[in-house]
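Asks: Pasting my_file-v1.tsv here (TSV, C-alpha atoms):
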```tsv
chain	number	residue	atom	x	y	z
A	90	MET	CA	0.00	0.00	0.00
A	91	LYS	CA	1.33	3.43	-0.90
A	92	ASN	CA	-0.07	5.25	2.15
A	93	LEU	CA	1.05	4.97	5.76
A	94	VAL	CA	-0.44	6.54	8.89
A	95	LEU	CA	1.88	6.79	11.89
A	96	PHE	CA	0.59	7.23	15.42
A	97	ASP	CA	2.18	8.19	18.68
A	98	MET	CA	1.07	5.85	21.48
A	99	ASP	CA	0.60	7.45	24.93
A	100	GLY	CA	-2.03	10.19	24.80
A	101	THR	CA	-2.81	9.45	21.14
A	102	LEU	CA	-3.92	5.81	20.95
A	103	THR	CA	-3.89	5.07	24.67
A	104	PRO	CA	-4.25	6.94	27.94
A	105	PRO	CA	-0.69	7.34	29.31
A	106	ARG	CA	0.76	3.91	30.22
A	107	GLN	CA	-2.63	2.25	29.82
A	108	ALA	CA	-4.22	-0.08	27.26
A	109	LEU	CA	-5.45	0.89	23.82
A	110	ASP	CA	-8.70	2.83	23.81
A	111	TYR	CA	-11.24	0.17	22.81
A	112	ASN	CA	-13.19	2.62	20.61
A	113	LEU	CA	-10.21	2.84	18.25
A	114	LEU	CA	-10.31	-0.82	17.20
A	115	ALA	CA	-13.13	-0.47	14.67
A	116	PRO	CA	-11.81	2.66	12.87
A	117	LEU	CA	-8.29	1.19	12.79
A	118	LYS	CA	-9.65	-1.97	11.14
A	119	VAL	CA	-11.30	0.14	8.46
A	120	LEU	CA	-8.19	2.28	8.06
A	121	THR	CA	-5.94	-0.76	7.45
A	122	SER	CA	-8.09	-1.72	4.47
A	123	TYR	CA	-6.79	1.45	2.79
A	124	CYS	CA	-3.24	1.80	4.15
A	125	ASP	CA	-0.55	0.46	6.45
A	126	ILE	CA	-0.26	1.93	9.94
A	127	GLY	CA	2.65	2.30	12.31
A	128	ILE	CA	3.15	3.22	15.95
A	129	VAL	CA	6.20	5.37	16.67
A	130	THR	CA	6.89	5.91	20.35
A	131	GLY	CA	9.72	6.67	22.73
A	132	SER	CA	8.80	3.52	24.66
A	133	ASP	CA	10.50	0.20	24.03
A	134	ILE	CA	8.83	-2.90	22.57
A	135	ASN	CA	7.75	-4.31	25.96
A	136	TYR	CA	5.46	-1.32	26.57
A	137	LEU	CA	3.96	-1.62	23.09
A	138	ARG	CA	3.16	-5.27	23.75
A	139	GLN	CA	1.58	-4.47	27.11
A	140	GLN	CA	-0.51	-1.52	25.95
A	141	LEU	CA	-1.44	-2.70	22.45
A	142	LYS	CA	-2.28	-6.33	23.14
A	143	GLN	CA	-5.63	-5.97	21.36
A	144	LEU	CA	-3.95	-4.68	18.19
A	145	LEU	CA	-1.17	-7.26	18.20
A	146	GLU	CA	-3.60	-10.14	18.60
A	147	ASN	CA	-6.09	-8.83	16.05
A	148	SER	CA	-5.92	-11.12	13.02
A	149	ARG	CA	-6.49	-8.33	10.52
A	150	ILE	CA	-4.81	-5.19	11.85
A	151	ARG	CA	-1.54	-6.88	12.83
A	152	TYR	CA	-0.66	-7.71	9.19
A	153	ASN	CA	-0.57	-4.01	8.30
A	154	LEU	CA	0.95	-2.76	11.55
A	155	HIS	CA	4.57	-1.57	11.85
A	156	LEU	CA	5.99	-1.21	15.38
A	157	LEU	CA	8.55	1.60	15.75
A	158	PRO	CA	9.73	1.81	19.37
A	159	CYS	CA	12.48	4.13	20.63
A	160	ASN	CA	11.50	6.88	18.18
A	161	GLY	CA	11.68	4.49	15.24
A	162	THR	CA	15.31	3.55	15.82
A	163	LYS	CA	13.89	0.05	16.06
A	164	HIS	CA	11.59	-1.37	13.39
A	165	TYR	CA	9.45	-4.46	13.89
A	166	ALA	CA	7.88	-5.52	10.59
A	167	PRO	CA	4.33	-6.95	10.38
A	168	PRO	CA	3.96	-10.74	10.37
A	169	SER	CA	2.84	-12.59	7.27
A	170	TYR	CA	1.18	-15.60	8.92
A	171	THR	CA	-0.99	-16.23	11.97
A	172	HIS	CA	1.74	-18.14	13.85
A	173	GLU	CA	4.30	-15.34	13.41
A	174	GLN	CA	5.08	-12.37	15.66
A	175	HIS	CA	6.36	-8.95	14.64
A	176	LYS	CA	10.02	-9.32	13.65
A	177	LEU	CA	12.86	-6.92	14.49
A	178	ILE	CA	14.47	-5.94	11.18
A	179	PHE	CA	16.37	-2.76	12.15
A	180	GLU	CA	18.00	-1.37	15.28
A	181	LYS	CA	20.40	1.47	16.12
A	182	ASP	CA	22.88	1.30	19.00
A	183	PHE	CA	23.34	4.34	21.30
A	184	LEU	CA	26.55	3.07	22.90
A	185	GLU	CA	28.12	2.32	19.54
A	186	GLU	CA	27.12	5.77	18.24
A	187	VAL	CA	28.64	7.83	21.07
A	188	GLY	CA	31.35	5.49	22.36
A	189	ARG	CA	31.67	3.89	25.79
A	190	LYS	CA	33.49	6.85	27.40
A	191	ASN	CA	30.80	9.35	26.43
A	192	PHE	CA	28.07	6.89	27.32
A	193	GLN	CA	29.54	6.61	30.83
A	194	ARG	CA	29.64	10.41	31.13
A	195	ILE	CA	25.96	10.62	30.21
A	196	MET	CA	25.03	7.95	32.74
A	197	LYS	CA	26.99	9.70	35.50
A	198	VAL	CA	25.11	12.96	34.84
A	199	LEU	CA	21.76	11.19	35.14
A	200	ILE	CA	22.79	9.35	38.30
A	201	ASP	CA	23.92	12.63	39.89
A	202	TYR	CA	20.59	14.27	39.02
A	203	GLN	CA	18.64	11.31	40.34
A	204	ASN	CA	20.55	11.43	43.62
A	205	HIS	CA	20.03	15.20	43.97
A	206	ILE	CA	16.31	15.06	43.23
A	207	SER	CA	15.75	12.05	45.50
A	208	THR	CA	17.51	13.85	48.34
A	209	HIS	CA	15.96	17.30	48.04
A	210	PHE	CA	12.40	16.78	46.81
A	211	GLU	CA	9.46	14.82	48.18
A	212	ILE	CA	8.41	12.71	45.21
A	213	PRO	CA	7.41	9.02	44.89
A	214	LEU	CA	10.42	6.74	44.39
A	215	THR	CA	9.48	3.37	42.89
A	216	GLY	CA	12.66	1.94	41.33
A	217	HIS	CA	14.05	1.38	37.81
A	218	PHE	CA	14.93	5.04	37.36
A	219	ILE	CA	17.17	4.72	34.27
A	220	SER	CA	16.10	2.49	31.38
A	221	TYR	CA	18.64	1.82	28.63
A	222	ARG	CA	16.76	0.86	25.47
A	223	ASN	CA	19.78	0.25	23.17
A	224	SER	CA	19.02	3.30	21.03
A	225	MET	CA	17.73	5.60	23.78
A	226	ILE	CA	18.01	6.27	27.50
A	227	ASN	CA	14.80	6.97	29.40
A	228	TRP	CA	15.19	8.57	32.81
A	229	SER	CA	12.23	8.72	35.18
A	230	PRO	CA	12.89	10.52	38.50
A	231	ILE	CA	10.05	8.55	40.13
A	232	GLY	CA	10.97	5.25	38.45
A	233	ARG	CA	9.50	3.12	35.68
A	234	ASN	CA	7.81	0.92	38.31
A	235	SER	CA	5.43	3.73	39.26
A	236	LYS	CA	1.71	3.05	39.49
A	237	THR	CA	-1.06	5.44	38.42
A	238	GLU	CA	-1.25	6.98	41.90
A	239	ASP	CA	2.52	7.65	41.93
A	240	ARG	CA	2.35	9.20	38.48
A	241	GLU	CA	-0.51	11.49	39.47
A	242	LYS	CA	1.39	12.68	42.55
A	243	PHE	CA	4.44	13.50	40.44
A	244	ILE	CA	2.40	15.21	37.71
A	245	ASN	CA	0.78	17.45	40.34
A	246	PHE	CA	4.22	18.17	41.85
A	247	ASP	CA	5.59	18.98	38.38
A	248	LYS	CA	2.78	21.38	37.49
A	249	GLY	CA	2.68	23.01	40.93
A	250	PHE	CA	6.42	23.64	41.25
A	251	SER	CA	7.04	27.18	42.47
A	252	ARG	CA	9.48	28.20	39.70
A	253	GLY	CA	7.55	26.70	36.77
A	254	HIS	CA	7.16	23.11	35.65
A	255	PHE	CA	9.79	21.04	37.44
A	256	ARG	CA	10.65	18.82	34.47
A	257	SER	CA	11.04	21.81	32.14
A	258	ILE	CA	13.61	23.33	34.50
A	259	VAL	CA	15.52	20.04	34.78
A	260	LEU	CA	15.35	19.60	31.00
A	261	GLU	CA	17.12	22.91	30.37
A	262	GLN	CA	19.76	22.01	32.95
A	263	LEU	CA	20.39	18.65	31.27
A	264	LYS	CA	20.76	20.30	27.88
A	265	GLU	CA	23.38	22.63	29.34
A	266	GLU	CA	25.21	19.74	31.02
A	267	PHE	CA	25.56	17.82	27.75
A	268	LYS	CA	26.48	20.97	25.84
A	269	ASN	CA	29.32	21.62	28.30
A	270	LEU	CA	30.51	18.04	27.74
A	271	ASN	CA	30.56	18.69	23.96
A	272	LEU	CA	28.12	15.86	23.36
A	273	LYS	CA	25.64	15.89	20.48
A	274	ILE	CA	22.83	14.61	22.64
A	275	THR	CA	19.14	15.56	22.53
A	276	CYS	CA	16.96	15.62	25.65
A	277	LYS	CA	13.18	15.67	25.46
A	278	LEU	CA	10.34	15.33	27.91
A	279	GLY	CA	9.12	11.73	27.69
A	280	GLY	CA	5.43	11.23	28.35
A	281	GLU	CA	4.32	12.81	31.63
A	282	THR	CA	7.00	11.69	34.09
A	283	SER	CA	10.29	11.06	32.31
A	284	PHE	CA	13.03	12.29	29.98
A	285	ASP	CA	14.25	10.76	26.70
A	286	ILE	CA	17.97	11.09	25.93
A	287	TYR	CA	19.39	10.08	22.55
A	288	PRO	CA	21.94	11.08	19.88
A	289	THR	CA	20.88	14.22	18.03
A	290	GLY	CA	18.85	13.28	14.95
A	291	TRP	CA	17.30	10.20	16.52
A	292	ASP	CA	13.95	11.89	17.14
A	293	LYS	CA	10.73	10.50	15.66
A	294	THR	CA	11.59	11.73	12.16
A	295	PHE	CA	13.98	8.75	12.14
A	296	ALA	CA	10.92	6.55	11.61
A	297	LEU	CA	10.30	8.19	8.22
A	298	SER	CA	13.55	6.74	6.85
A	299	HIS	CA	12.06	3.21	6.90
A	300	PHE	CA	9.37	4.17	4.36
A	301	PRO	CA	10.99	6.15	1.50
A	302	ASN	CA	8.28	5.33	-1.05
A	303	LYS	CA	5.17	5.97	1.02
A	304	ASN	CA	2.90	8.95	1.53
A	305	ILE	CA	2.98	9.38	5.30
A	306	TRP	CA	0.56	10.94	7.81
A	307	PHE	CA	1.16	11.41	11.55
A	308	LEU	CA	-1.01	11.90	14.64
A	309	GLY	CA	0.48	12.77	18.05
A	310	ASP	CA	-0.30	14.61	21.26
A	311	LYS	CA	3.08	16.19	22.10
A	312	CYS	CA	3.51	18.31	18.97
A	313	HIS	CA	4.23	21.56	20.83
A	314	GLU	CA	7.71	23.04	21.22
A	315	GLY	CA	9.82	20.68	23.31
A	316	GLY	CA	7.36	17.80	22.92
A	317	ASN	CA	8.64	14.46	21.65
A	318	ASP	CA	6.30	14.60	18.62
A	319	GLU	CA	7.43	18.09	17.58
A	320	GLU	CA	9.94	17.20	14.86
A	321	ILE	CA	7.88	14.62	12.99
A	322	TYR	CA	4.76	16.77	13.28
A	323	LYS	CA	6.58	19.73	11.68
A	324	ALA	CA	8.24	17.52	9.05
A	325	LEU	CA	4.83	16.46	7.69
A	326	LEU	CA	3.12	19.85	7.79
A	327	PRO	CA	1.02	21.41	6.39
A	328	ASN	CA	-1.36	18.64	5.30
A	329	ASN	CA	-0.15	15.32	6.68
A	330	SER	CA	0.11	15.81	10.44
A	331	PHE	CA	-2.42	16.28	13.21
A	332	SER	CA	-1.98	17.38	16.81
A	333	VAL	CA	-4.48	15.64	19.09
A	334	GLU	CA	-5.31	15.90	22.78
A	335	SER	CA	-6.77	12.44	23.43
A	336	PRO	CA	-7.51	9.01	21.92
A	337	GLU	CA	-11.08	10.25	21.42
A	338	GLU	CA	-9.85	13.03	19.13
A	339	THR	CA	-7.62	10.54	17.29
A	340	CYS	CA	-10.70	8.38	16.69
A	341	GLN	CA	-12.62	11.32	15.21
A	342	ILE	CA	-9.77	12.33	12.88
A	343	ILE	CA	-9.44	8.76	11.58
A	344	LYS	CA	-13.18	8.46	10.91
A	345	ASN	CA	-13.94	11.99	9.69
A	346	ILE	CA	-10.78	13.05	7.85
A	347	ILE	CA	-8.31	10.27	6.99
A	348	ILE	CA	-10.62	7.43	5.95
A	349	PRO	CA	-12.79	9.72	3.73
A	350	LEU	CA	-9.58	11.07	2.16
A	351	PHE	CA	-8.34	7.58	1.30
A	352	LYS	CA	-11.79	6.52	0.08
A	353	LYS	CA	-11.84	9.48	-2.30
A	354	GLY	CA	-8.35	8.66	-3.55
A	355	ASP	CA	-9.36	5.05	-4.10
A	356	LYS	CA	-12.36	6.11	-6.20
A	357	ASP	CA	-10.27	8.60	-8.18
A	358	GLU	CA	-7.75	5.88	-9.07
A	359	ARG	CA	-10.52	3.62	-10.29
```
Taking this structure as input, can you express it in the form of structure tokens?
Replies:
Amino acid sequence: MKNLVLFDMDGTLTPPRQALDYNLLAPLKVLTSYCDIGIVTGSDINYLRQQLKQLLENSRIRYNLHLLPCNGTKHYAPPSYTHEQHKLIFEKDFLEEVGRKNFQRIMKVLIDYQNHISTHFEIPLTGHFISYRNSMINWSPIGRNSKTEDREKFINFDKGFSRGHFRSIVLEQLKEEFKNLNLKITCKLGGETSFDIYPTGWDKTFALSHFPNKNIWFLGDKCHEGGNDEEIYKALLPNNSFSVESPEETCQIIKNIIIPLFKKGDKDER
């Protein structure tokens, strides 16, 4: 199929760190009769499997579904047969890209920040603070093991911080740290509680390189300045990208804009 629609995951197809919005199943089934779809997210493959179980087990959608974790620096191709799973066909390596010495320097910065924040601020601490995903580092000051209640406490702390959003302040400090170390490293806010750290250029536009001959659309919820959907959203403007605020809005755009557009194109070709 010549067309491809890419989706962010958290906040676009799913509530943050939760399962796929059930109301999206039907429109996605219709959509995959006209085009391939892909999910490009900062999360690694284990989170995709947890949150998108309904999609991955659906006998129709899964054959047209590309999985693009870690901003698309990993590519899992759709299966061809019922007994097959999605297969990893491409992967970048962070450590190989920056070298072990620089990788250690980055890790030490994050460990120092985690220690400082844990000592001086009253936030939930749940464990698994730094997640190395081969092509990206995700740092969560409250830990990847956090439950919904922990996340809500941190989100309220972040928004209510006296000098502005807490994560935004830390983000600017991290950028300065890596700049002073002469490292070409990009830092972004990841979801609602974490930070994504990766070599510059490995943002979500990387996913586009896997599909050089397709017309591509994108839907995401963090398309604002500093958001982790910003670059791919801007790359596909003015007509092929949509900023959404919820899975419900994603559902409406699929049904009311994208499917009718592909239907019209299908009729025109005939």
Asks: Using all atoms of stretch 230-242 of chain A that appear in the file, construct an axis-aligned enclosing box with 4 Å of padding on every side and provide its centre coordinates and edge lengths in Å, rounded to one decimal, as JSON.
Replies:
```
{"center_x": 5.8, "center_y": 6.8, "center_z": 39.1, "size_x": 22.1, "size_y": 19.8, "size_z": 14.9}
```
Asks: I need the residue nearest A:Phe218 from this list: A:Tyr322, A:His254, A:Pro336, A:Thr282. Use only C-alpha atoms for the distance.
Replies: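 Selected residue with least distance to A:Phe218: A:Thr282.
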Asks: Would you please work out which residue, of A:Leu326, A:Val119, A:Asp239, A:Trp228, is nearest to A:Val198 when using only C-alpha atoms?
Replies: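 That would be A:Trp228, the residue with the smallest distance to A:Val198.
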Asks: Which polymer residues have any atom within 10 Å of an atom of A:Thr162, counting only C-alpha atoms, with same-chain residues fewer than 5 positions away left out, as a PyMOL selection string?
Replies: chain A and resi 129-131+157+179-183+223-225+291-296+298-299
Asks: What does the structure give for the distance between atom CA of A:Leu144 and atom CA of A:Leu117, in Å to one decimal?
Replies: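 Atom CA of A:Leu117 lies 9.1 Å from atom CA of A:Leu144.
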Asks: Would you kindly place N, CA and C atoms on stretch 287-323 of chain A and return the model as an mmCIF file, in the coordinates of the input?
Replies:
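File produced: part-v2.cif:
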```cif
data_model
loop_
_atom_site.group_PDB
_atom_site.id
_atom_site.type_symbol
_atom_site.label_atom_id
_atom_site.label_comp_id
_atom_site.auth_asym_id
_atom_site.auth_seq_id
_atom_site.Cartn_x
_atom_site.Cartn_y
_atom_site.Cartn_z
ATOM 1 N N TYR A 287 18.928 10.847 23.697
ATOM 2 C CA TYR A 287 19.390 10.080 22.550
ATOM 3 C C TYR A 287 20.307 10.931 21.669
ATOM 4 N N PRO A 288 21.092 10.311 20.787
ATOM 5 C CA PRO A 288 21.940 11.080 19.880
ATOM 6 C C PRO A 288 21.108 12.035 19.021
ATOM 7 N N THR A 289 21.606 13.224 18.826
ATOM 8 C CA THR A 289 20.880 14.220 18.030
ATOM 9 C C THR A 289 20.575 13.665 16.635
ATOM 10 N N GLY A 290 19.323 13.813 16.221
ATOM 11 C CA GLY A 290 18.850 13.280 14.950
ATOM 12 C C GLY A 290 18.031 12.020 15.091
ATOM 13 N N TRP A 291 18.058 11.429 16.291
ATOM 14 C CA TRP A 291 17.300 10.200 16.520
ATOM 15 C C TRP A 291 15.934 10.486 17.137
ATOM 16 N N ASP A 292 15.326 11.591 16.729
ATOM 17 C CA ASP A 292 13.950 11.890 17.140
ATOM 18 C C ASP A 292 13.002 11.083 16.256
ATOM 19 N N LYS A 293 11.707 11.341 16.362
ATOM 20 C CA LYS A 293 10.730 10.500 15.660
ATOM 21 C C LYS A 293 10.761 10.640 14.146
ATOM 22 N N THR A 294 11.438 11.662 13.617
ATOM 23 C CA THR A 294 11.590 11.730 12.160
ATOM 24 C C THR A 294 12.427 10.558 11.655
ATOM 25 N N PHE A 295 13.192 9.920 12.542
ATOM 26 C CA PHE A 295 13.980 8.750 12.140
ATOM 27 C C PHE A 295 13.074 7.669 11.558
ATOM 28 N N ALA A 296 11.848 7.569 12.083
ATOM 29 C CA ALA A 296 10.920 6.550 11.610
ATOM 30 C C ALA A 296 10.597 6.705 10.129
ATOM 31 N N LEU A 297 10.652 7.935 9.628
ATOM 32 C CA LEU A 297 10.300 8.190 8.220
ATOM 33 C C LEU A 297 11.295 7.509 7.270
ATOM 34 N N SER A 298 12.524 7.305 7.735
ATOM 35 C CA SER A 298 13.550 6.740 6.850
ATOM 36 C C SER A 298 13.260 5.286 6.480
ATOM 37 N N HIS A 299 12.392 4.614 7.212
ATOM 38 C CA HIS A 299 12.060 3.210 6.900
ATOM 39 C C HIS A 299 11.070 3.098 5.731
ATOM 40 N N PHE A 300 10.460 4.223 5.350
ATOM 41 C CA PHE A 300 9.370 4.170 4.360
ATOM 42 C C PHE A 300 9.576 5.224 3.269
ATOM 43 N N PRO A 301 10.652 5.099 2.474
ATOM 44 C CA PRO A 301 10.990 6.150 1.500
ATOM 45 C C PRO A 301 9.985 6.294 0.364
ATOM 46 N N ASN A 302 9.187 5.278 0.101
ATOM 47 C CA ASN A 302 8.280 5.330 -1.050
ATOM 48 C C ASN A 302 6.814 5.450 -0.670
ATOM 49 N N LYS A 303 6.553 5.853 0.572
ATOM 50 C CA LYS A 303 5.170 5.970 1.020
ATOM 51 C C LYS A 303 4.770 7.414 1.284
ATOM 52 N N ASN A 304 3.485 7.685 1.085
ATOM 53 C CA ASN A 304 2.900 8.950 1.530
ATOM 54 C C ASN A 304 2.539 8.769 3.001
ATOM 55 N N ILE A 305 3.079 9.620 3.861
ATOM 56 C CA ILE A 305 2.980 9.380 5.300
ATOM 57 C C ILE A 305 2.183 10.476 5.999
ATOM 58 N N TRP A 306 1.306 10.054 6.913
ATOM 59 C CA TRP A 306 0.560 10.940 7.810
ATOM 60 C C TRP A 306 0.993 10.636 9.241
ATOM 61 N N PHE A 307 0.794 11.617 10.147
ATOM 62 C CA PHE A 307 1.160 11.410 11.550
ATOM 63 C C PHE A 307 0.139 12.062 12.472
ATOM 64 N N LEU A 308 -0.169 11.359 13.585
ATOM 65 C CA LEU A 308 -1.010 11.900 14.640
ATOM 66 C C LEU A 308 -0.276 11.733 15.976
ATOM 67 N N GLY A 309 -0.174 12.833 16.745
ATOM 68 C CA GLY A 309 0.480 12.770 18.050
ATOM 69 C C GLY A 309 -0.046 13.836 18.981
ATOM 70 N N ASP A 310 0.234 13.669 20.263
ATOM 71 C CA ASP A 310 -0.300 14.610 21.260
ATOM 72 C C ASP A 310 0.745 15.546 21.840
ATOM 73 N N LYS A 311 2.028 15.330 21.556
ATOM 74 C CA LYS A 311 3.080 16.190 22.100
ATOM 75 C C LYS A 311 3.791 16.910 20.952
ATOM 76 N N CYS A 312 2.994 17.652 20.173
ATOM 77 C CA CYS A 312 3.510 18.310 18.970
ATOM 78 C C CYS A 312 4.004 19.735 19.243
ATOM 79 N N HIS A 313 3.814 20.215 20.461
ATOM 80 C CA HIS A 313 4.230 21.560 20.830
ATOM 81 C C HIS A 313 5.748 21.635 20.957
ATOM 82 N N GLU A 314 6.275 22.843 21.085
ATOM 83 C CA GLU A 314 7.710 23.040 21.220
ATOM 84 C C GLU A 314 8.241 22.283 22.439
ATOM 85 N N GLY A 315 9.244 21.468 22.227
ATOM 86 C CA GLY A 315 9.820 20.680 23.310
ATOM 87 C C GLY A 315 9.179 19.319 23.475
ATOM 88 N N GLY A 316 8.024 19.086 22.837
ATOM 89 C CA GLY A 316 7.360 17.800 22.920
ATOM 90 C C GLY A 316 8.064 16.761 22.068
ATOM 91 N N ASN A 317 7.903 15.482 22.395
ATOM 92 C CA ASN A 317 8.640 14.460 21.650
ATOM 93 C C ASN A 317 8.005 14.095 20.309
ATOM 94 N N ASP A 318 6.888 14.751 19.954
ATOM 95 C CA ASP A 318 6.300 14.600 18.620
ATOM 96 C C ASP A 318 6.590 15.812 17.726
ATOM 97 N N GLU A 319 7.268 16.801 18.268
ATOM 98 C CA GLU A 319 7.430 18.090 17.580
ATOM 99 C C GLU A 319 8.067 17.944 16.199
ATOM 100 N N GLU A 320 9.187 17.228 16.111
ATOM 101 C CA GLU A 320 9.940 17.200 14.860
ATOM 102 C C GLU A 320 9.181 16.485 13.741
ATOM 103 N N ILE A 321 8.587 15.337 14.045
ATOM 104 C CA ILE A 321 7.880 14.620 12.990
ATOM 105 C C ILE A 321 6.596 15.346 12.606
ATOM 106 N N TYR A 322 5.961 15.972 13.568
ATOM 107 C CA TYR A 322 4.760 16.770 13.280
ATOM 108 C C TYR A 322 5.104 17.891 12.296
ATOM 109 N N LYS A 323 6.184 18.623 12.555
ATOM 110 C CA LYS A 323 6.580 19.730 11.680
ATOM 111 C C LYS A 323 7.053 19.233 10.317
#
```
